[in-house]
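Raw my_file_29.pdb, PDB, C-alpha atoms:
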ATOM      1  CA  MET A   1     -20.719 -26.476  32.365
ATOM      2  CA  SER A   2     -20.045 -24.885  29.023
ATOM      3  CA  PRO A   3     -18.867 -21.278  28.960
ATOM      4  CA  PRO A   4     -21.375 -18.547  28.135
ATOM      5  CA  ARG A   5     -21.757 -17.526  24.529
ATOM      6  CA  ARG A   6     -21.827 -13.964  23.399
ATOM      7  CA  ARG A   7     -24.772 -14.688  21.185
ATOM      8  CA  ASP A   8     -27.422 -17.308  21.605
ATOM      9  CA  ARG A   9     -27.525 -18.942  18.205
ATOM     10  CA  GLU A  10     -31.076 -20.193  18.738
ATOM     11  CA  SER A  11     -32.370 -16.670  19.019
ATOM     12  CA  LEU A  12     -30.830 -15.507  15.774
ATOM     13  CA  VAL A  13     -33.274 -14.317  13.168
ATOM     14  CA  ARG A  14     -33.214 -16.565  10.153
ATOM     15  CA  PRO A  15     -31.275 -14.784   7.399
ATOM     16  CA  TYR A  16     -34.060 -15.165   4.835
ATOM     17  CA  LEU A  17     -36.429 -13.266   7.125
ATOM     18  CA  ILE A  18     -34.058 -10.316   7.202
ATOM     19  CA  THR A  19     -33.981 -10.248   3.420
ATOM     20  CA  GLY A  20     -37.725 -10.729   2.981
ATOM     21  CA  GLY A  21     -37.226 -14.268   1.772
ATOM     22  CA  ARG A  22     -35.055 -13.267  -1.147
ATOM     23  CA  ALA A  23     -31.954 -15.184  -1.945
ATOM     24  CA  HIS A  24     -29.970 -12.859  -4.169
ATOM     25  CA  PRO A  25     -29.062  -9.180  -4.013
ATOM     26  CA  THR A  26     -30.700  -6.999  -6.660
ATOM     27  CA  ARG A  27     -27.270  -6.131  -8.038
ATOM     28  CA  ASN A  28     -24.286  -8.404  -8.363
ATOM     29  CA  THR A  29     -21.607  -5.745  -8.285
ATOM     30  CA  LEU A  30     -21.286  -5.693  -4.503
ATOM     31  CA  ASP A  31     -17.917  -7.085  -3.528
ATOM     32  CA  LEU A  32     -16.752  -7.436   0.084
ATOM     33  CA  THR A  33     -14.622  -4.356  -0.500
ATOM     34  CA  THR A  34     -17.227  -2.230  -2.282
ATOM     35  CA  LEU A  35     -17.356   1.061  -0.377
ATOM     36  CA  ILE A  36     -20.773   2.273   0.797
ATOM     37  CA  GLN A  37     -21.946   5.720   1.857
ATOM     38  CA  ALA A  38     -25.272   7.001   3.179
ATOM     39  CA  THR A  39     -26.955   9.460   0.852
ATOM     40  CA  ARG A  40     -30.147  10.743   2.400
ATOM     41  CA  HIS A  41     -32.211  10.460   5.503
ATOM     42  CA  ALA A  42     -34.864   7.777   5.402
ATOM     43  CA  ASP A  43     -38.256   7.558   7.088
ATOM     44  CA  PRO A  44     -37.644   4.865   9.716
ATOM     45  CA  ALA A  45     -41.299   3.804   9.606
ATOM     46  CA  LEU A  46     -40.807   2.455   6.094
ATOM     47  CA  LEU A  47     -37.782   0.375   6.966
ATOM     48  CA  SER A  48     -37.219  -3.023   8.532
ATOM     49  CA  PRO A  49     -35.212  -3.156  11.783
ATOM     50  CA  GLU A  50     -32.193  -4.548   9.926
ATOM     51  CA  GLN A  51     -32.415  -1.794   7.319
ATOM     52  CA  ARG A  52     -32.574   0.781  10.097
ATOM     53  CA  ARG A  53     -29.503  -0.707  11.764
ATOM     54  CA  THR A  54     -27.662  -0.667   8.447
ATOM     55  CA  LEU A  55     -28.529   2.970   7.756
ATOM     56  CA  ARG A  56     -27.654   4.016  11.291
ATOM     57  CA  LEU A  57     -24.241   2.390  10.930
ATOM     58  CA  CYS A  58     -23.619   3.877   7.487
ATOM     59  CA  SER A  59     -24.704   7.386   8.472
ATOM     60  CA  GLY A  60     -21.385   7.860  10.291
ATOM     61  CA  GLY A  61     -19.196   7.612   7.193
ATOM     62  CA  SER A  62     -17.938   5.282   4.478
ATOM     63  CA  LEU A  63     -17.469   1.572   5.109
ATOM     64  CA  SER A  64     -16.916  -1.537   3.012
ATOM     65  CA  ILE A  65     -19.530  -4.302   2.721
ATOM     66  CA  ALA A  66     -17.247  -6.541   4.797
ATOM     67  CA  GLU A  67     -17.135  -3.973   7.612
ATOM     68  CA  ILE A  68     -20.894  -3.452   7.517
ATOM     69  CA  ALA A  69     -21.368  -7.221   7.802
ATOM     70  CA  ALA A  70     -18.891  -7.416  10.681
ATOM     71  CA  HIS A  71     -20.413  -4.531  12.651
ATOM     72  CA  LEU A  72     -23.967  -5.780  12.143
ATOM     73  CA  GLU A  73     -22.869  -9.368  12.895
ATOM     74  CA  LEU A  74     -24.584 -10.617   9.769
ATOM     75  CA  PRO A  75     -23.266 -13.015   7.124
ATOM     76  CA  ALA A  76     -21.740 -11.243   4.138
ATOM     77  CA  SER A  77     -24.370 -12.741   1.825
ATOM     78  CA  VAL A  78     -27.238 -11.281   3.876
ATOM     79  CA  THR A  79     -25.482  -7.931   4.063
ATOM     80  CA  ARG A  80     -25.183  -7.792   0.279
ATOM     81  CA  VAL A  81     -28.961  -8.223  -0.077
ATOM     82  CA  LEU A  82     -29.684  -5.586   2.580
ATOM     83  CA  VAL A  83     -27.286  -3.040   1.108
ATOM     84  CA  ALA A  84     -28.409  -3.660  -2.472
ATOM     85  CA  ASP A  85     -32.016  -2.884  -1.469
ATOM     86  CA  LEU A  86     -30.990   0.309   0.295
ATOM     87  CA  VAL A  87     -28.951   1.357  -2.741
ATOM     88  CA  ASP A  88     -31.975   0.711  -4.955
ATOM     89  CA  GLN A  89     -34.103   2.860  -2.655
ATOM     90  CA  GLY A  90     -31.578   5.674  -2.820
ATOM     91  CA  HIS A  91     -30.598   5.591   0.859
ATOM     92  CA  LEU A  92     -27.094   4.259   0.235
ATOM     93  CA  ALA A  93     -24.667   4.732  -2.610
ATOM     94  CA  THR A  94     -21.655   2.761  -3.762
ATOM     95  CA  LEU A  95     -18.467   4.729  -4.252
ATOM     96  CA  SER A  96     -17.536   3.931  -7.806
ATOM     97  CA  THR A  97     -14.221   2.281  -8.359
ATOM     98  CA  GLU A  98     -13.792   1.750 -12.040
ATOM     99  CA  TRP A  99     -10.735  -0.441 -11.684
ATOM    100  CA  GLN A 100     -12.786  -3.139 -10.008
ATOM    101  CA  GLN A 101     -14.175  -3.855 -13.450
ATOM    102  CA  HIS A 102     -10.976  -3.240 -15.381
ATOM    103  CA  GLY A 103      -8.189  -4.140 -12.983
ATOM    104  CA  PRO A 104      -5.906  -1.795 -11.073
ATOM    105  CA  ASP A 105      -3.857   0.623 -13.156
ATOM    106  CA  ARG A 106      -0.209   1.515 -12.596
ATOM    107  CA  GLU A 107      -1.079   4.812 -10.987
ATOM    108  CA  LEU A 108      -3.201   3.108  -8.339
ATOM    109  CA  LEU A 109      -0.586   0.413  -7.711
ATOM    110  CA  GLN A 110       2.072   3.077  -7.314
ATOM    111  CA  GLU A 111      -0.119   4.863  -4.773
ATOM    112  CA  VAL A 112      -0.543   1.603  -2.834
ATOM    113  CA  LEU A 113       3.207   1.062  -2.936
ATOM    114  CA  ASP A 114       3.985   4.588  -1.714
ATOM    115  CA  GLY A 115       1.477   4.183   1.119
ATOM    116  CA  LEU A 116       3.053   0.895   2.214
ATOM    117  CA  ARG A 117       6.570   2.325   2.041
ATOM    118  CA  ALA A 118       5.486   5.124   4.351
ATOM    119  CA  LEU A 119       4.536   2.498   6.969
ATOM    120  CA  ARG A 120       8.014   1.097   7.420
TER
ATOM    121  CA  MET B   1       6.075  -3.992  16.950
ATOM    122  CA  GLY B   2       2.483  -4.087  15.839
ATOM    123  CA  SER B   3       0.225  -1.303  14.776
ATOM    124  CA  GLU B   4      -1.814   1.082  16.827
ATOM    125  CA  PRO B   5      -5.462   0.782  15.846
ATOM    126  CA  SER B   6      -6.753   4.341  15.539
ATOM    127  CA  GLY B   7     -10.118   3.361  16.939
ATOM    128  CA  GLU B   8     -11.686   5.160  14.013
ATOM    129  CA  VAL B   9     -14.478   3.025  12.587
ATOM    130  CA  TYR B  10     -15.090   4.983   9.394
ATOM    131  CA  LEU B  11     -12.917   5.724   6.407
ATOM    132  CA  PRO B  12     -11.742   9.271   5.701
ATOM    133  CA  ASP B  13     -14.297  11.014   3.468
ATOM    134  CA  SER B  14     -11.785  11.442   0.662
ATOM    135  CA  VAL B  15     -11.227   7.689   0.223
ATOM    136  CA  ARG B  16     -12.847   6.440  -2.978
ATOM    137  CA  THR B  17     -10.927   3.324  -3.879
ATOM    138  CA  ALA B  18     -10.475   0.023  -2.071
ATOM    139  CA  VAL B  19      -7.861  -2.544  -2.994
ATOM    140  CA  LYS B  20      -7.923  -6.092  -1.700
ATOM    141  CA  VAL B  21      -5.124  -8.492  -0.851
ATOM    142  CA  LEU B  22      -5.629 -12.043   0.388
ATOM    143  CA  VAL B  23      -3.353 -13.356   3.109
ATOM    144  CA  VAL B  24      -3.510 -17.090   2.515
ATOM    145  CA  GLY B  25      -2.015 -19.937   4.464
ATOM    146  CA  PRO B  26      -2.594 -23.035   6.569
ATOM    147  CA  PHE B  27      -4.126 -23.113  10.020
ATOM    148  CA  ALA B  28      -2.249 -21.199  12.747
ATOM    149  CA  VAL B  29       0.477 -19.925  10.444
ATOM    150  CA  GLY B  30      -0.061 -16.343  11.607
ATOM    151  CA  LYS B  31      -2.530 -14.927   9.063
ATOM    152  CA  SER B  32      -4.598 -13.068  11.655
ATOM    153  CA  THR B  33      -1.476 -11.759  13.356
ATOM    154  CA  PHE B  34      -0.126 -10.519  10.039
ATOM    155  CA  VAL B  35      -3.391  -8.758   9.165
ATOM    156  CA  ASN B  36      -3.739  -7.251  12.632
ATOM    157  CA  THR B  37      -0.189  -5.935  12.579
ATOM    158  CA  LEU B  38      -0.860  -3.898   9.450
ATOM    159  CA  SER B  39      -4.462  -3.009  10.223
ATOM    160  CA  GLU B  40      -5.480   0.425  11.482
ATOM    161  CA  ILE B  41      -8.748  -0.931  12.885
ATOM    162  CA  GLU B  42      -9.393  -3.587  15.467
ATOM    163  CA  PRO B  43      -9.568  -6.935  13.663
ATOM    164  CA  LEU B  44     -13.020  -7.710  12.303
ATOM    165  CA  HIS B  45     -14.569 -10.859  11.029
ATOM    166  CA  THR B  46     -17.488 -11.819   8.903
ATOM    167  CA  GLU B  47     -18.868 -15.069   7.596
ATOM    168  CA  GLU B  48     -19.211 -16.474   4.132
ATOM    169  CA  THR B  49     -21.539 -19.381   3.568
ATOM    170  CA  MET B  50     -20.368 -22.217   1.410
ATOM    171  CA  THR B  51     -21.548 -25.638   0.401
ATOM    172  CA  ARG B  52     -19.730 -28.736   1.548
ATOM    173  CA  ASP B  53     -18.043 -29.056  -1.797
ATOM    174  CA  GLY B  54     -16.659 -25.565  -1.340
ATOM    175  CA  ALA B  55     -18.813 -23.227  -3.432
ATOM    176  CA  VAL B  56     -19.795 -19.900  -1.918
ATOM    177  CA  VAL B  57     -23.523 -19.747  -1.327
ATOM    178  CA  ASP B  58     -25.594 -16.665  -1.912
ATOM    179  CA  ASP B  59     -28.811 -18.646  -1.931
ATOM    180  CA  LEU B  60     -30.095 -17.876   1.530
ATOM    181  CA  HIS B  61     -32.822 -20.486   1.364
ATOM    182  CA  GLY B  62     -30.132 -23.086   1.605
ATOM    183  CA  ILE B  63     -28.495 -21.564   4.636
ATOM    184  CA  THR B  64     -29.977 -23.890   7.224
ATOM    185  CA  ASP B  65     -29.401 -26.905   5.038
ATOM    186  CA  LYS B  66     -26.950 -29.484   6.312
ATOM    187  CA  THR B  67     -24.952 -29.250   3.109
ATOM    188  CA  THR B  68     -23.799 -25.717   3.897
ATOM    189  CA  THR B  69     -21.308 -24.405   6.382
ATOM    190  CA  THR B  70     -20.064 -20.970   7.341
ATOM    191  CA  VAL B  71     -16.451 -19.905   7.319
ATOM    192  CA  ALA B  72     -15.219 -16.990   9.365
ATOM    193  CA  LEU B  73     -12.992 -14.480   7.578
ATOM    194  CA  ASP B  74     -10.686 -12.210   9.549
ATOM    195  CA  PHE B  75      -9.877  -8.935   7.935
ATOM    196  CA  GLY B  76      -8.231  -5.608   8.540
ATOM    197  CA  ARG B  77      -7.840  -2.276   6.846
ATOM    198  CA  ARG B  78      -5.113   0.287   6.268
ATOM    199  CA  THR B  79      -5.698   3.672   4.649
ATOM    200  CA  LEU B  80      -2.732   4.228   2.349
ATOM    201  CA  SER B  81      -3.431   7.682   0.916
ATOM    202  CA  ASP B  82      -6.128  10.339   0.747
ATOM    203  CA  ARG B  83      -8.080   8.220  -1.681
ATOM    204  CA  VAL B  84      -6.939   4.598  -1.371
ATOM    205  CA  VAL B  85      -7.606   2.017   1.328
ATOM    206  CA  LEU B  86      -6.175  -1.499   1.511
ATOM    207  CA  TYR B  87      -8.264  -4.406   2.830
ATOM    208  CA  MET B  88      -6.482  -7.576   3.882
ATOM    209  CA  PHE B  89      -8.406 -10.822   4.237
ATOM    210  CA  GLY B  90      -6.914 -13.698   6.184
ATOM    211  CA  THR B  91      -8.086 -16.714   4.234
ATOM    212  CA  PRO B  92      -7.752 -20.391   5.163
ATOM    213  CA  GLY B  93      -5.568 -22.244   2.692
ATOM    214  CA  GLN B  94      -6.728 -25.798   3.307
ATOM    215  CA  GLN B  95      -7.949 -27.757   0.315
ATOM    216  CA  ARG B  96     -11.584 -27.629   1.407
ATOM    217  CA  PHE B  97     -11.546 -23.827   1.487
ATOM    218  CA  LEU B  98      -9.938 -23.313  -1.893
ATOM    219  CA  SER B  99     -13.173 -22.596  -3.747
ATOM    220  CA  MET B 100     -14.108 -20.019  -1.185
ATOM    221  CA  TRP B 101     -10.975 -17.999  -1.561
ATOM    222  CA  GLU B 102     -11.022 -18.369  -5.315
ATOM    223  CA  ASP B 103     -14.278 -16.457  -5.102
ATOM    224  CA  LEU B 104     -12.729 -13.959  -2.693
ATOM    225  CA  ALA B 105      -9.863 -13.514  -5.104
ATOM    226  CA  HIS B 106     -12.140 -11.834  -7.628
ATOM    227  CA  GLY B 107     -10.929  -8.275  -7.975
ATOM    228  CA  ALA B 108      -8.008  -8.851  -5.633
ATOM    229  CA  LEU B 109      -4.705  -7.200  -6.371
ATOM    230  CA  GLY B 110      -2.895 -10.355  -5.354
ATOM    231  CA  ALA B 111      -2.260 -12.834  -2.590
ATOM    232  CA  LEU B 112       0.422 -13.180   0.009
ATOM    233  CA  VAL B 113       1.067 -16.813   0.902
ATOM    234  CA  LEU B 114       2.148 -17.201   4.522
ATOM    235  CA  ALA B 115       4.165 -20.316   5.198
ATOM    236  CA  ASP B 116       5.732 -21.994   8.205
ATOM    237  CA  VAL B 117       9.194 -23.532   7.674
ATOM    238  CA  ALA B 118       8.209 -26.557   9.758
ATOM    239  CA  ARG B 119       5.371 -27.419   7.372
ATOM    240  CA  LEU B 120       6.088 -25.846   4.012
ATOM    241  CA  GLU B 121       4.110 -28.542   2.229
ATOM    242  CA  GLU B 122       0.872 -27.217   3.705
ATOM    243  CA  SER B 123       1.215 -24.169   1.449
ATOM    244  CA  PHE B 124       1.821 -26.102  -1.779
ATOM    245  CA  ASP B 125      -1.847 -26.534  -2.797
ATOM    246  CA  VAL B 126      -2.556 -22.850  -2.401
ATOM    247  CA  ILE B 127       0.372 -21.877  -4.611
ATOM    248  CA  SER B 128      -0.727 -24.304  -7.318
ATOM    249  CA  VAL B 129      -4.228 -22.851  -7.402
ATOM    250  CA  LEU B 130      -2.912 -19.267  -7.440
ATOM    251  CA  GLU B 131      -0.768 -20.155 -10.439
ATOM    252  CA  GLU B 132      -3.651 -21.857 -12.230
ATOM    253  CA  ARG B 133      -5.843 -18.829 -11.623
ATOM    254  CA  GLY B 134      -3.176 -16.341 -12.635
ATOM    255  CA  LEU B 135      -3.520 -14.306  -9.452
ATOM    256  CA  PRO B 136      -0.220 -12.565  -8.655
ATOM    257  CA  TYR B 137       1.299 -13.789  -5.399
ATOM    258  CA  GLY B 138       4.290 -13.579  -3.156
ATOM    259  CA  VAL B 139       5.502 -15.919  -0.425
ATOM    260  CA  ALA B 140       6.291 -14.805   3.112
ATOM    261  CA  ILE B 141       7.879 -17.197   5.604
ATOM    262  CA  ASN B 142       6.677 -16.372   9.092
ATOM    263  CA  ASP B 143       9.800 -16.666  11.240
ATOM    264  CA  PHE B 144       8.192 -15.833  14.586
ATOM    265  CA  ASN B 145      10.041 -18.650  16.297
ATOM    266  CA  SER B 146      13.390 -17.454  14.999
ATOM    267  CA  VAL B 147      14.156 -21.036  14.072
ATOM    268  CA  ASP B 148      16.813 -21.906  11.542
ATOM    269  CA  ILE B 149      15.403 -20.979   8.197
ATOM    270  CA  PRO B 150      16.692 -22.689   5.066
ATOM    271  CA  SER B 151      18.370 -20.489   2.486
ATOM    272  CA  HIS B 152      16.152 -18.628   0.044
ATOM    273  CA  GLU B 153      17.570 -20.847  -2.660
ATOM    274  CA  GLU B 154      16.405 -23.971  -0.865
ATOM    275  CA  LEU B 155      13.020 -22.418  -0.133
ATOM    276  CA  ARG B 156      12.538 -21.378  -3.758
ATOM    277  CA  GLU B 157      13.342 -24.893  -4.805
ATOM    278  CA  ALA B 158      10.907 -26.359  -2.273
ATOM    279  CA  PHE B 159       8.102 -24.115  -3.497
ATOM    280  CA  ASP B 160       9.237 -24.375  -7.123
ATOM    281  CA  LEU B 161       9.002 -20.595  -7.472
ATOM    282  CA  LEU B 162       9.698 -18.784 -10.703
ATOM    283  CA  PRO B 163      12.550 -16.252 -10.325
ATOM    284  CA  GLU B 164      10.196 -13.261 -10.422
ATOM    285  CA  ILE B 165       7.986 -14.476  -7.556
ATOM    286  CA  PRO B 166       8.907 -12.559  -4.381
ATOM    287  CA  LEU B 167      10.007 -14.569  -1.364
ATOM    288  CA  VAL B 168      10.570 -12.872   1.987
ATOM    289  CA  THR B 169      10.910 -13.896   5.588
ATOM    290  CA  CYS B 170       9.027 -11.846   8.124
ATOM    291  CA  ASP B 171       7.848 -11.757  11.706
ATOM    292  CA  ALA B 172       4.076 -11.337  11.412
ATOM    293  CA  ARG B 173       4.083  -9.281  14.625
ATOM    294  CA  ASP B 174       6.450  -6.675  13.227
ATOM    295  CA  ARG B 175       4.999  -3.786  11.280
ATOM    296  CA  SER B 176       8.061  -3.003   9.178
ATOM    297  CA  ALA B 177       8.465  -6.656   8.278
ATOM    298  CA  THR B 178       4.817  -7.145   7.308
ATOM    299  CA  ALA B 179       4.852  -3.892   5.332
ATOM    300  CA  ARG B 180       7.967  -5.120   3.497
ATOM    301  CA  ALA B 181       6.245  -8.402   2.642
ATOM    302  CA  MET B 182       3.250  -6.499   1.264
ATOM    303  CA  ILE B 183       5.585  -4.159  -0.661
ATOM    304  CA  SER B 184       7.309  -7.141  -2.297
ATOM    305  CA  LEU B 185       3.923  -8.358  -3.549
ATOM    306  CA  VAL B 186       2.827  -4.958  -4.914
ATOM    307  CA  GLU B 187       6.207  -4.420  -6.596
ATOM    308  CA  HIS B 188       5.770  -7.799  -8.243
ATOM    309  CA  VAL B 189       2.264  -6.903  -9.442
ATOM    310  CA  LEU B 190       3.585  -3.611 -10.823
ATOM    311  CA  ALA B 191       6.382  -5.384 -12.665
ATOM    312  CA  SER B 192       4.034  -7.999 -14.078
ATOM    313  CA  PRO B 193       2.884  -7.589 -17.678
ATOM    314  CA  LEU B 194      -0.413  -9.273 -16.780
ATOM    315  CA  GLN B 195      -2.080  -6.341 -15.093
ATOM    316  CA  HIS B 196      -5.491  -7.838 -15.664
ATOM    317  CA  ALA B 197      -4.689 -11.291 -14.405
ATOM    318  CA  GLN B 198      -7.271 -11.070 -11.645
ATOM    319  CA  GLU B 199     -10.007 -10.833 -14.287
ATOM    320  CA  SER B 200      -9.700 -14.555 -14.810
ATOM    321  CA  ALA B 201      -9.641 -15.362 -11.110
TER
END

Is it possible to express this structure as structure tokens?
Amino acid sequence: MSPPRRRDRESLVRPYLITGGRAHPTRNTLDLTTLIQATRHADPALLSPEQRRTLRLCSGGSLSIAEIAAHLELPASVTRVLVADLVDQGHLATLSTEWQQHGPDRELLQEVLDGLRALR
Amino acid sequence: MGSEPSGEVYLPDSVRTAVKVLVVGPFAVGKSTFVNTLSEIEPLHTEETMTRDGAVVDDLHGITDKTTTTVALDFGRRTLSDRVVLYMFGTPGQQRFLSMWEDLAHGALGALVLADVARLEESFDVISVLEERGLPYGVAINDFNSVDIPSHEELREAFDLLPEIPLVTCDARDRSATARAMISLVEHVLASPLQHAQESA
């Protein structure tokens, strides 16, 4: 007999149902490490179950897209679509990180280095 | 040895900036161990969907198609200052996954190539692609078995590393050692004149 599985794959909701059949997020700036924060309380009646789960998770504090995907147990691609919609609706906001467009500057790299040196 | 996950799910409110490093290497070389050792959270994983020829898929209509497959990514996190957090993604280095991590490499600060002395050649492809893409990288030999490790000179020759590329040996279970490996990479990135190399990745 095969061991039990934590999730029954057959019962999984098809990803395109979660995203309302859409394939691409409404914005293409969402990286796995884009940081996301909840902005305002939403009326749950207007949201899909997956959107509600996402907002509930994000209401506790900042998380990256990768962490949201991991906690919701959704593929990263589906999570990007979900989060992009909620950003468009004003329920979530991305924490702007300018260097992601322009590359890390020396000041940031030095801060990373100092933080790592403190770990030793 | 190891880190103590704080159990805190969320980032401190002051954190505004995330940096990303890929930990790349062949199967069972210790990528997850390395990431977990430095991570402040319990290891997490998510899935990326890719086509059989290796491209990352964001077309969800194709997700049930037989030509796509999902790849699990292990990752961890370490808050490094009031405002900066480091994310580390353990990324398979096999040829068939190369396209996937090339996509992951976008916006990454650099990559740490984990290698096993018993099968150095399994890390060669990854290094070639990193060089082609211009993503800064360092090499860390995981010496968890405490086997006889060739001299750094011999290892540099095997990997054909330029003098400025960092090469360290480390036990992926040891926090100081993994931190040192990460430091060698960031020092290299800082010293590099091509600060915007990841733009082309």

Written as a PyMOL selection string, which residues does the PyMOL selection byres ((chain B and resi 22) around 8) give for the file shown?
-> chain B and resi 20-21+23-24+88-91+104-105+108+110-112

Requested write-out: C-alpha atoms of the selected residues, as an mmCIF file, in the coordinates of the input:
data_model
loop_
_atom_site.group_PDB
_atom_site.id
_atom_site.type_symbol
_atom_site.label_atom_id
_atom_site.label_comp_id
_atom_site.auth_asym_id
_atom_site.auth_seq_id
_atom_site.Cartn_x
_atom_site.Cartn_y
_atom_site.Cartn_z
ATOM 1 C CA LYS B 20 -7.923 -6.092 -1.700
ATOM 2 C CA VAL B 21 -5.124 -8.492 -0.851
ATOM 3 C CA VAL B 23 -3.353 -13.356 3.109
ATOM 4 C CA VAL B 24 -3.510 -17.090 2.515
ATOM 5 C CA MET B 88 -6.482 -7.576 3.882
ATOM 6 C CA PHE B 89 -8.406 -10.822 4.237
ATOM 7 C CA GLY B 90 -6.914 -13.698 6.184
ATOM 8 C CA THR B 91 -8.086 -16.714 4.234
ATOM 9 C CA LEU B 104 -12.729 -13.959 -2.693
ATOM 10 C CA ALA B 105 -9.863 -13.514 -5.104
ATOM 11 C CA ALA B 108 -8.008 -8.851 -5.633
ATOM 12 C CA GLY B 110 -2.895 -10.355 -5.354
ATOM 13 C CA ALA B 111 -2.260 -12.834 -2.590
ATOM 14 C CA LEU B 112 0.422 -13.180 0.009
#

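Of the listed residues B:Asp74, B:Thr33, B:Leu80, B:Arg156, the one whose atoms come nearest to Leu11 (chain B) is B:Leu80, with distances taken using only C-alpha atoms.
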
Determine the nearest neighbour of chain B from the options A:Pro25, A:Pro49, A:Gly115, A:Gly20, counting only C-alpha atoms.
-> A:Gly115

Determine the residue set returned by the PyMOL selection byres ((chain A and resi 72) around 12) for the present structure, and present it as number ranges by chain.
-> A: 49-58, 65-71, 73-76, 78-79, 82-83; B: 44-47

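Considering the residues B:Ala18, B:Ile127, B:Ile165, B:Ala158 and counting all atoms listed in the file, chain A has its shortest atom-to-atom contact with B:Ala18.
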
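Minimum atom-to-atom distance to chain B, evaluated using all atoms listed in the file, belongs to A:Gly61 out of A:Ala42, A:Ser48, A:Gly61, A:Ala84.
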
Check which residues satisfy the PyMOL selection byres ((chain A and resi 89) around 12) in the file shown, then give them as a PyMOL selection string.
-> chain A and resi 26+38-43+46-47+51+55+82-88+90-93

Go through B:Pro92, B:Gly25, B:Glu164, B:Ala177 and flag the residue nearest chain A, using all atoms listed in the file for the distances.
-> B:Ala177

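Considering the residues B:Val113, B:Tyr137, B:Val189, B:Glu131 and counting all atoms listed in the file, Val112 (chain A) has its shortest atom-to-atom contact with B:Val189.
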
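If you look at CA of Val168 (chain B) and CA of Asp31 (chain A), they are 29.6 Å away from each other.
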
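For the atom pair formed by CA of Met182 (chain B) and CA of Ile36 (chain A), the distance is 25.6 Å, given to one decimal.
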
Could you give me, as a VMD selection string, the residues within 9 Å of Leu119 (chain A), counting only C-alpha atoms and dropping anything in the same chain fewer than 6 positions from it?
-> chain B and resid 38 80 175 to 176 179

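Taking all atoms listed in the file into account, those protein, DNA and RNA residues with any atom at most 10 Å away from (10.1, -15.2, 11.6) amount to Asp116, Val117, Ala140, Ile141, Asn142, Asp143, Phe144, Asn145, Ser146, Val147, Asp148, Ile149, Val168, Thr169, Cys170, Asp171, Ala172, Arg173, Asp174 and Ala177 of chain B.
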
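Put simply, CA of Ala191 (chain B) is 20.1 Å away from CA of Thr178 (chain B).
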